[in-house]
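A.B. asks: Sending over a structure as structure tokens; questions will come in a sec.
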Amino acid sequence: MGTGKTAVGKRVASRLGRRFVDTDVLIEERAGRSIPRIFAEGGEPAFRRLEAEVIAQVAAGDDRVIATGGGVVLSSANMACLRRNGVIIALRADAESILARVGRGEYRPLLGDAPEENIRRLLRERDPLYQEADLVVETSALSVEDAVERVVSFVTVREQGAPAAPHHSPAAGSAAPAAPQPVRADLGARGYDICIGRGILAQAGEFLDRRGVRGRLALLTHPRIDTLYGRALAERLRGAGYEVVTVTVAPSESSKSLRVAGRVYNALVDARFDRGATLLALGGGVAGDLGGFVAATFLRGIAWVAAPTTLLAQVDASIGGKTGVNFRAKNLVGAVHQPVLVLSDIDALRTLSRREFRSGMAEVIKTGVIGDPDLFDVVERRGGMSLRRDPDALCWVVRRCAAYKAGVIAGDEREAGPRMVLNYGHTIGHAIEAAAGYRGLTHGEAVAVGMTLEARLAVRLGLCDVALLDRQTEVLRTLGLPVRLSALCAGNPPGPERVREAMAHDKKTSAGRLRFVLPRALGSTVIKDDVPPGLAEEIIAHA
């Protein structure tokens, strides 16, 4: 309730030329009385019975946009009806936003005399079910038009059946489309290409075959990504002779666990995968980290391919072979296991939410500060072009970031020294994520605050001029990223004490001393393990 289903649903229906249906309205028409009266006279069971009847009726039709009550997810039968002939989209909002929209809940029977407490309870109970939707749109800080645009983009791409412009087989005698010039991660026998461009996923079979990847393939992805890209990709690969088994996991940090890894192992064993099989991780950092970790450890290591669909994964997480799951701290259990290929399709960035896209820009800024001043200058002057998702600009940005990171890992694959530079903003950023329980913030948001605080630390230590801190802060703000701890988690961030405690468990600790990557100038950093604990605590306390 209060997430915008009716307002967004009506406009989506108008944009798509379809009929809008509100199940609550139909329930009232069928019962001949209002929903509050249904609850008052027959209780919630009476309402749920009517709801199930209406869902079965409307789900059987075509060309409709159906807005349901928030509790429809409680019935697996309801959801099965809706999925049979359609796509599921969940609009979410935080408790504060919902309360502001629905008021004291006079017409919301489930809110009772304690609206805020009941809203929070309902969110806790139902959120895991909402996360199973094909698309989840967070509307707390989103305008109706932005939410509509997100939904329409998702549905349009899904119904086209492909993640990018249609890929046509070349006519007899014509030349096949030229493959984009790849960025090479030069690691000798373990080296691989990072293919960046538009329509990459449509040509995945060609890229895999060229790399010698054939036969059995596990496609590890998320339900929404599977709907948007995975099913079409699997169909193409089957058509190209691959035997594809799809495994889906939730897109949250909770999936990066030994428990979920075990579920993936079971799926691979049940499919009788052997050492000649390949795992393709399609999605963002969660899919890549988990998929790479499973590939590194299943049968003591099988080949894997990264197909990142978020900006953050394309510019950073998919490159370098660092895989892992969370165990008391972020990525505490893992392995360095290089992919055999990275497929970065720029067209996949079209369906990211603004928040997800901005999160990726934090890693772009990080790359500019630590090693590519030209990249920083371009984003500083023309960041708006990236936010508008100009494909040419994005190809250039992703390529610059990929080339820089590939160069770093070629010189230090296992983070013995120079590769540590990639952790700028992450010592504090990872601690913020852990202290928040990985809820209410994105990785990029935590890294943006981490970079700000670590640059402030560098200024206090006399390592860099305050002008660098000011430039970095302004670029982050221009891109809509937070620069203060208080701006995270909808204004309810973890306390400084919890952040400091989480830092103590950071895997970058050496001999009990935290290591920080601190900037000296654009393109120049220093690794410090002798930062006075009191100074770091002071910086965090005043964040």
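We name chains A, B, ... following the order of the structure tokens; residues begin at 1 in each chain, and ligands are numbered from 1 as shown.
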For Ala313 in chain A, work out the shell of residues within 8 Å, counting only C-alpha atoms and skipping chain neighbours fewer than 3 positions away, then give it as an MDAnalysis selection string.
C.D. replies: chainID A and resid 284:285 288 308:310 316:318 360
A.B. asks: Thr297 in chain A: which residues within 10 Å, counting only C-alpha atoms, same-chain residues fewer than 3 positions away excluded, as a list in words?
C.D. replies: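 These residues fall inside the cut-off: Ala261, Tyr265, Gly292, Phe293, Val294, Arg300, Gly301, Ile302, Gly334, Ala335 and His337 of chain A.
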A.B. asks: Write the residues you've just listed into a file as a compact mmCIF listing (two decimals), in the first residue's frame, and include N, CA, C and O atoms for each of them.
C.D. replies:
# COMPACT_ATOMS: atom_id res chain seq x y z
N ALA A 261 25.30 -20.79 -2.00
CA ALA A 261 26.28 -21.50 -2.84
C ALA A 261 25.99 -23.00 -2.83
O ALA A 261 26.08 -23.67 -3.88
N TYR A 265 25.42 -25.53 -5.94
CA TYR A 265 26.15 -26.81 -6.11
C TYR A 265 25.16 -27.95 -6.37
O TYR A 265 25.38 -28.79 -7.25
N GLY A 292 31.21 -16.76 -9.64
CA GLY A 292 32.64 -17.00 -9.71
C GLY A 292 33.13 -17.89 -8.59
O GLY A 292 33.99 -18.76 -8.78
N PHE A 293 32.56 -17.69 -7.38
CA PHE A 293 32.95 -18.51 -6.23
C PHE A 293 32.54 -19.96 -6.43
O PHE A 293 33.32 -20.89 -6.18
N VAL A 294 31.32 -20.16 -6.91
CA VAL A 294 30.86 -21.53 -7.18
C VAL A 294 31.75 -22.18 -8.24
O VAL A 294 32.17 -23.34 -8.10
N ARG A 300 36.65 -28.51 -7.79
CA ARG A 300 37.96 -27.86 -7.67
C ARG A 300 38.25 -26.88 -8.80
O ARG A 300 39.40 -26.56 -9.09
N GLY A 301 37.16 -26.41 -9.43
CA GLY A 301 37.34 -25.35 -10.41
C GLY A 301 36.84 -25.69 -11.79
O GLY A 301 37.36 -26.61 -12.41
N ILE A 302 35.80 -24.95 -12.24
CA ILE A 302 35.35 -25.07 -13.63
C ILE A 302 35.43 -23.69 -14.27
O ILE A 302 35.57 -22.68 -13.57
N GLY A 334 36.44 -16.58 -0.09
CA GLY A 334 36.44 -16.46 -1.54
C GLY A 334 37.69 -17.03 -2.17
O GLY A 334 38.51 -17.67 -1.51
N ALA A 335 37.82 -16.76 -3.45
CA ALA A 335 38.98 -17.25 -4.20
C ALA A 335 39.22 -16.32 -5.38
O ALA A 335 38.30 -15.65 -5.85
N HIS A 337 39.69 -16.46 -9.04
CA HIS A 337 39.44 -17.42 -10.11
C HIS A 337 39.00 -16.63 -11.34
O HIS A 337 37.87 -16.14 -11.41
A.B. asks: Any idea what's packed within 7 Å of Ala303 in chain A, counting only C-alpha atoms, ignoring anything in its chain fewer than 4 positions away? Could you give it as a list in words?
C.D. replies: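 So, after excluding close chain neighbours, the residues are Ala277, Thr278, Leu279, Ala295, Pro339 and Val340 of chain A.
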A.B. asks: Write a file of the selected residues as a short mmCIF file (atom, residue, chain, number, x, y, z; two decimals), in the first residue's frame, keeping C-alpha atoms.
C.D. replies:
data_model
loop_
_atom_site.label_atom_id
_atom_site.label_comp_id
_atom_site.auth_asym_id
_atom_site.auth_seq_id
_atom_site.Cartn_x
_atom_site.Cartn_y
_atom_site.Cartn_z
CA ALA A 277 31.05 -27.50 -17.97
CA THR A 278 30.99 -23.71 -17.81
CA LEU A 279 29.10 -21.33 -15.52
CA ALA A 295 32.91 -21.99 -10.36
CA PRO A 339 36.75 -15.80 -15.89
CA VAL A 340 37.54 -17.04 -19.39
#
A.B. asks: Just the residues within 9 Å of range 395-404 of chain A, please, counting only C-alpha atoms, with nothing from its chain fewer than 2 positions along; format it as a tab-separated table (two decimals) with all heavy atoms, in the first residue's frame.
C.D. replies:
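Once everything was written out, this is selection.tsv:
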chain	number	residue	atom	x	y	z
A	182	PRO	N	38.17	-5.91	-28.13
A	182	PRO	CA	38.12	-6.18	-26.70
A	182	PRO	C	39.26	-5.52	-25.94
A	182	PRO	O	40.30	-5.17	-26.50
A	182	PRO	CB	38.25	-7.70	-26.63
A	182	PRO	CG	39.07	-8.05	-27.84
A	182	PRO	CD	38.67	-7.06	-28.90
A	183	VAL	N	39.03	-5.35	-24.64
A	183	VAL	CA	40.10	-4.99	-23.71
A	183	VAL	C	40.69	-6.31	-23.23
A	183	VAL	O	39.96	-7.24	-22.88
A	183	VAL	CB	39.56	-4.17	-22.54
A	183	VAL	CG1	40.62	-4.02	-21.45
A	183	VAL	CG2	39.06	-2.81	-23.01
A	184	ARG	N	41.99	-6.43	-23.20
A	184	ARG	CA	42.63	-7.69	-22.83
A	184	ARG	C	43.14	-7.64	-21.40
A	184	ARG	O	43.87	-6.71	-21.00
A	184	ARG	CB	43.81	-7.99	-23.76
A	184	ARG	CG	44.51	-9.33	-23.52
A	184	ARG	CD	43.66	-10.49	-23.90
A	184	ARG	NE	44.32	-11.77	-23.66
A	184	ARG	CZ	43.71	-12.95	-23.74
A	184	ARG	NH1	42.43	-13.01	-24.09
A	184	ARG	NH2	44.36	-14.07	-23.49
A	185	ALA	N	42.74	-8.62	-20.60
A	185	ALA	CA	43.33	-8.82	-19.28
A	185	ALA	C	44.49	-9.78	-19.48
A	185	ALA	O	44.28	-10.99	-19.65
A	185	ALA	CB	42.30	-9.39	-18.31
A	194	ILE	N	37.76	-8.78	-22.50
A	194	ILE	CA	36.60	-8.07	-21.96
A	194	ILE	C	35.93	-7.38	-23.14
A	194	ILE	O	36.46	-6.41	-23.68
A	194	ILE	CB	37.03	-7.04	-20.89
A	194	ILE	CG1	37.84	-7.72	-19.79
A	194	ILE	CG2	35.81	-6.32	-20.31
A	194	ILE	CD1	38.70	-6.77	-18.98
A	196	ILE	N	33.22	-5.20	-24.89
A	196	ILE	CA	32.38	-4.08	-24.48
A	196	ILE	C	31.70	-3.49	-25.71
A	196	ILE	O	32.37	-3.19	-26.71
A	196	ILE	CB	33.22	-2.99	-23.78
A	196	ILE	CG1	33.95	-3.58	-22.56
A	196	ILE	CG2	32.34	-1.80	-23.36
A	196	ILE	CD1	35.12	-2.74	-22.09
A	197	GLY	N	30.40	-3.32	-25.65
A	197	GLY	CA	29.70	-2.71	-26.78
A	197	GLY	C	28.21	-2.94	-26.69
A	197	GLY	O	27.69	-3.46	-25.70
A	198	ARG	N	27.51	-2.56	-27.74
A	198	ARG	CA	26.06	-2.74	-27.80
A	198	ARG	C	25.75	-4.07	-28.49
A	198	ARG	O	26.42	-4.46	-29.43
A	198	ARG	CB	25.42	-1.58	-28.56
A	198	ARG	CG	25.73	-0.22	-27.96
A	198	ARG	CD	24.90	0.87	-28.60
A	198	ARG	NE	23.48	0.71	-28.26
A	198	ARG	CZ	22.51	1.49	-28.73
A	198	ARG	NH1	22.81	2.47	-29.58
A	198	ARG	NH2	21.26	1.30	-28.38
A	311	LEU	N	26.21	-1.18	-14.28
A	311	LEU	CA	27.38	-0.35	-14.53
A	311	LEU	C	28.49	-0.69	-13.55
A	311	LEU	O	29.66	-0.78	-13.93
A	311	LEU	CB	26.99	1.13	-14.43
A	311	LEU	CG	28.12	2.13	-14.69
A	311	LEU	CD1	28.68	1.98	-16.10
A	311	LEU	CD2	27.64	3.56	-14.47
A	314	GLN	N	30.19	-3.80	-14.69
A	314	GLN	CA	30.92	-3.65	-15.95
A	314	GLN	C	32.22	-2.88	-15.77
A	314	GLN	O	33.22	-3.20	-16.42
A	314	GLN	CB	30.03	-2.96	-17.00
A	314	GLN	CG	28.90	-3.83	-17.50
A	314	GLN	CD	28.13	-3.22	-18.66
A	314	GLN	OE1	28.48	-2.16	-19.17
A	314	GLN	NE2	27.07	-3.88	-19.08
A	315	VAL	N	32.24	-1.89	-14.89
A	315	VAL	CA	33.45	-1.09	-14.74
A	315	VAL	C	34.39	-1.66	-13.69
A	315	VAL	O	35.55	-1.25	-13.62
A	315	VAL	CB	33.13	0.39	-14.40
A	315	VAL	CG1	32.27	1.01	-15.47
A	315	VAL	CG2	32.46	0.52	-13.03
A	316	ASP	N	33.89	-2.60	-12.86
A	316	ASP	CA	34.74	-3.04	-11.76
A	316	ASP	C	34.60	-4.50	-11.39
A	316	ASP	O	35.52	-5.29	-11.57
A	316	ASP	CB	34.45	-2.18	-10.52
A	316	ASP	CG	35.36	-2.51	-9.35
A	316	ASP	OD1	36.56	-2.16	-9.39
A	316	ASP	OD2	34.88	-3.15	-8.39
A	319	ILE	N	35.74	-7.80	-13.43
A	319	ILE	CA	37.11	-7.88	-13.93
A	319	ILE	C	38.06	-8.18	-12.77
A	319	ILE	O	38.00	-7.54	-11.73
A	319	ILE	CB	37.53	-6.55	-14.59
A	319	ILE	CG1	36.53	-6.17	-15.68
A	319	ILE	CG2	38.93	-6.63	-15.16
A	319	ILE	CD1	36.60	-4.72	-16.10
A	344	SER	N	30.34	-7.46	-21.67
A	344	SER	CA	29.70	-6.25	-21.12
A	344	SER	C	28.83	-5.59	-22.18
A	344	SER	O	29.34	-4.90	-23.07
A	344	SER	CB	30.78	-5.27	-20.63
A	344	SER	OG	31.47	-5.80	-19.52
A	346	ILE	N	26.44	-2.83	-23.20
A	346	ILE	CA	26.05	-1.49	-22.79
A	346	ILE	C	24.53	-1.34	-22.81
A	346	ILE	O	23.95	-0.61	-21.99
A	346	ILE	CB	26.70	-0.43	-23.71
A	346	ILE	CG1	28.23	-0.49	-23.57
A	346	ILE	CG2	26.18	0.96	-23.40
A	346	ILE	CD1	28.75	-0.21	-22.18
A	363	GLU	N	32.12	3.86	-8.67
A	363	GLU	CA	33.33	3.13	-9.04
A	363	GLU	C	34.04	3.80	-10.21
A	363	GLU	O	35.26	3.71	-10.33
A	363	GLU	CB	32.98	1.68	-9.39
A	363	GLU	CG	32.52	0.83	-8.21
A	363	GLU	CD	33.66	0.42	-7.28
A	363	GLU	OE1	34.84	0.71	-7.59
A	363	GLU	OE2	33.38	-0.20	-6.24
A	364	VAL	N	33.29	4.48	-11.08
A	364	VAL	CA	33.92	5.25	-12.15
A	364	VAL	C	34.76	6.37	-11.56
A	364	VAL	O	35.92	6.59	-11.96
A	364	VAL	CB	32.85	5.80	-13.12
A	364	VAL	CG1	33.50	6.73	-14.15
A	364	VAL	CG2	32.10	4.67	-13.81
A	367	THR	N	37.93	5.08	-10.04
A	367	THR	CA	38.95	4.80	-11.04
A	367	THR	C	39.65	6.07	-11.49
A	367	THR	O	40.88	6.11	-11.63
A	367	THR	CB	38.32	4.10	-12.26
A	367	THR	OG1	37.71	2.89	-11.84
A	367	THR	CG2	39.37	3.79	-13.32
A	368	GLY	N	38.88	7.14	-11.68
A	368	GLY	CA	39.47	8.41	-12.09
A	368	GLY	C	40.44	8.96	-11.06
A	368	GLY	O	41.52	9.45	-11.40
A	371	GLY	N	43.69	6.41	-10.75
A	371	GLY	CA	44.59	6.08	-11.85
A	371	GLY	C	44.30	6.64	-13.22
A	371	GLY	O	45.05	6.37	-14.15
A	372	ASP	N	43.22	7.41	-13.38
A	372	ASP	CA	42.89	7.91	-14.71
A	372	ASP	C	42.37	9.35	-14.60
A	372	ASP	O	41.16	9.59	-14.68
A	372	ASP	CB	41.86	7.02	-15.39
A	372	ASP	CG	41.71	7.31	-16.88
A	372	ASP	OD1	42.07	8.42	-17.30
A	372	ASP	OD2	41.22	6.43	-17.61
A	375	LEU	N	39.86	10.47	-17.24
A	375	LEU	CA	38.51	9.99	-17.01
A	375	LEU	C	37.81	10.87	-15.98
A	375	LEU	O	36.65	11.26	-16.17
A	375	LEU	CB	38.55	8.54	-16.51
A	375	LEU	CG	37.24	7.93	-16.02
A	375	LEU	CD1	36.23	7.81	-17.16
A	375	LEU	CD2	37.49	6.54	-15.38
A	379	VAL	N	34.34	13.10	-16.70
A	379	VAL	CA	33.12	12.93	-15.91
A	379	VAL	C	32.80	14.22	-15.15
A	379	VAL	O	31.63	14.59	-15.02
A	379	VAL	CB	33.26	11.74	-14.94
A	379	VAL	CG1	32.04	11.64	-14.04
A	379	VAL	CG2	33.44	10.44	-15.72
A	386	SER	N	26.71	10.95	-19.09
A	386	SER	CA	26.65	9.58	-18.59
A	386	SER	C	25.32	9.29	-17.93
A	386	SER	O	24.72	8.23	-18.11
A	386	SER	CB	27.80	9.33	-17.60
A	386	SER	OG	29.05	9.42	-18.25
A	390	ASP	N	23.97	8.08	-22.57
A	390	ASP	CA	24.38	8.13	-23.96
A	390	ASP	C	25.25	6.91	-24.23
A	390	ASP	O	26.29	6.72	-23.59
A	390	ASP	CB	25.16	9.42	-24.21
A	390	ASP	CG	25.70	9.48	-25.62
A	390	ASP	OD1	26.84	9.00	-25.83
A	390	ASP	OD2	25.01	10.00	-26.51
A	391	PRO	N	24.86	6.03	-25.18
A	391	PRO	CA	25.60	4.78	-25.37
A	391	PRO	C	27.05	4.96	-25.74
A	391	PRO	O	27.92	4.19	-25.29
A	391	PRO	CB	24.83	4.05	-26.48
A	391	PRO	CG	23.74	4.94	-26.91
A	391	PRO	CD	23.67	6.13	-26.04
A	392	ASP	N	27.36	5.96	-26.58
A	392	ASP	CA	28.76	6.18	-26.96
A	392	ASP	C	29.58	6.60	-25.75
A	392	ASP	O	30.72	6.14	-25.56
A	392	ASP	CB	28.84	7.23	-28.06
A	392	ASP	CG	28.26	6.73	-29.38
A	392	ASP	OD1	28.24	5.51	-29.59
A	392	ASP	OD2	27.82	7.58	-30.19
A	393	ALA	N	29.01	7.50	-24.94
A	393	ALA	CA	29.72	7.94	-23.73
A	393	ALA	C	29.93	6.77	-22.77
A	393	ALA	O	31.01	6.62	-22.18
A	393	ALA	CB	28.93	9.06	-23.04
A	406	ALA	N	42.20	-3.82	-15.81
A	406	ALA	CA	42.92	-4.95	-16.42
A	406	ALA	C	44.42	-4.76	-16.30
A	406	ALA	O	45.17	-5.71	-16.06
A	406	ALA	CB	42.50	-5.09	-17.88
A	407	GLY	N	44.89	-3.52	-16.46
A	407	GLY	CA	46.31	-3.24	-16.32
A	407	GLY	C	46.81	-3.47	-14.91
A	407	GLY	O	47.91	-3.99	-14.69
A	408	VAL	N	45.99	-3.09	-13.92
A	408	VAL	CA	46.38	-3.27	-12.52
A	408	VAL	C	46.49	-4.75	-12.18
A	408	VAL	O	47.47	-5.20	-11.58
A	408	VAL	CB	45.37	-2.57	-11.58
A	408	VAL	CG1	45.65	-2.94	-10.12
A	408	VAL	CG2	45.43	-1.06	-11.76
A	409	ILE	N	45.47	-5.55	-12.57
A	409	ILE	CA	45.51	-6.96	-12.19
A	409	ILE	C	46.59	-7.73	-12.96
A	409	ILE	O	47.11	-8.72	-12.46
A	409	ILE	CB	44.14	-7.64	-12.39
A	409	ILE	CG1	43.74	-7.68	-13.86
A	409	ILE	CG2	43.08	-6.97	-11.55
A	409	ILE	CD1	42.56	-8.57	-14.15
A.B. asks: Do you know which residues are at most 8 Å from range 47-57 of chain A counting only C-alpha atoms, after dropping those on the same chain fewer than 2 positions away, and could you put them as a list of chain:residue names?
C.D. replies: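 The residues that qualify are A:Thr23, A:Asp24, A:Leu26, A:Ile27, A:Arg30, A:Ala31, A:Ile35, A:Ile38, A:Phe39, A:Gly42, A:Gly43, A:Glu44, A:Pro45, A:Ala59, A:Ala60, A:Gly61, A:Val72, A:Asn78, A:Cys81, A:Leu82.
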A.B. asks: Between A:Arg275, A:Arg263, A:Arg419, A:Arg15, which has the minimum distance to Val151 in chain A (counting only C-alpha atoms)?
C.D. replies: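 For Val151 in chain A, the nearest of the candidates is A:Arg15.
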A.B. asks: Run DSSP on the backbone of this structure and report the residues of range 278-516 of chain A it assigns to alpha helix (DSSP H), as an MDAnalysis selection string.
C.D. replies: chainID A and resid 285:297 311:312 354:371 373:387 391:411 426:435 443:460 466:478 496:503
A.B. asks: So how far away is CA of Leu91 in chain A from CA of Leu228 in chain A, in Å?
C.D. replies: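 Between these atoms lies a distance of 17.1 Å.
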A.B. asks: Using only C-alpha atoms for the distances, tell me which of A:Val369, A:Val526, A:Ala521, A:Ile432 is nearest to Pro496 in chain A.
C.D. replies: A:Ile432
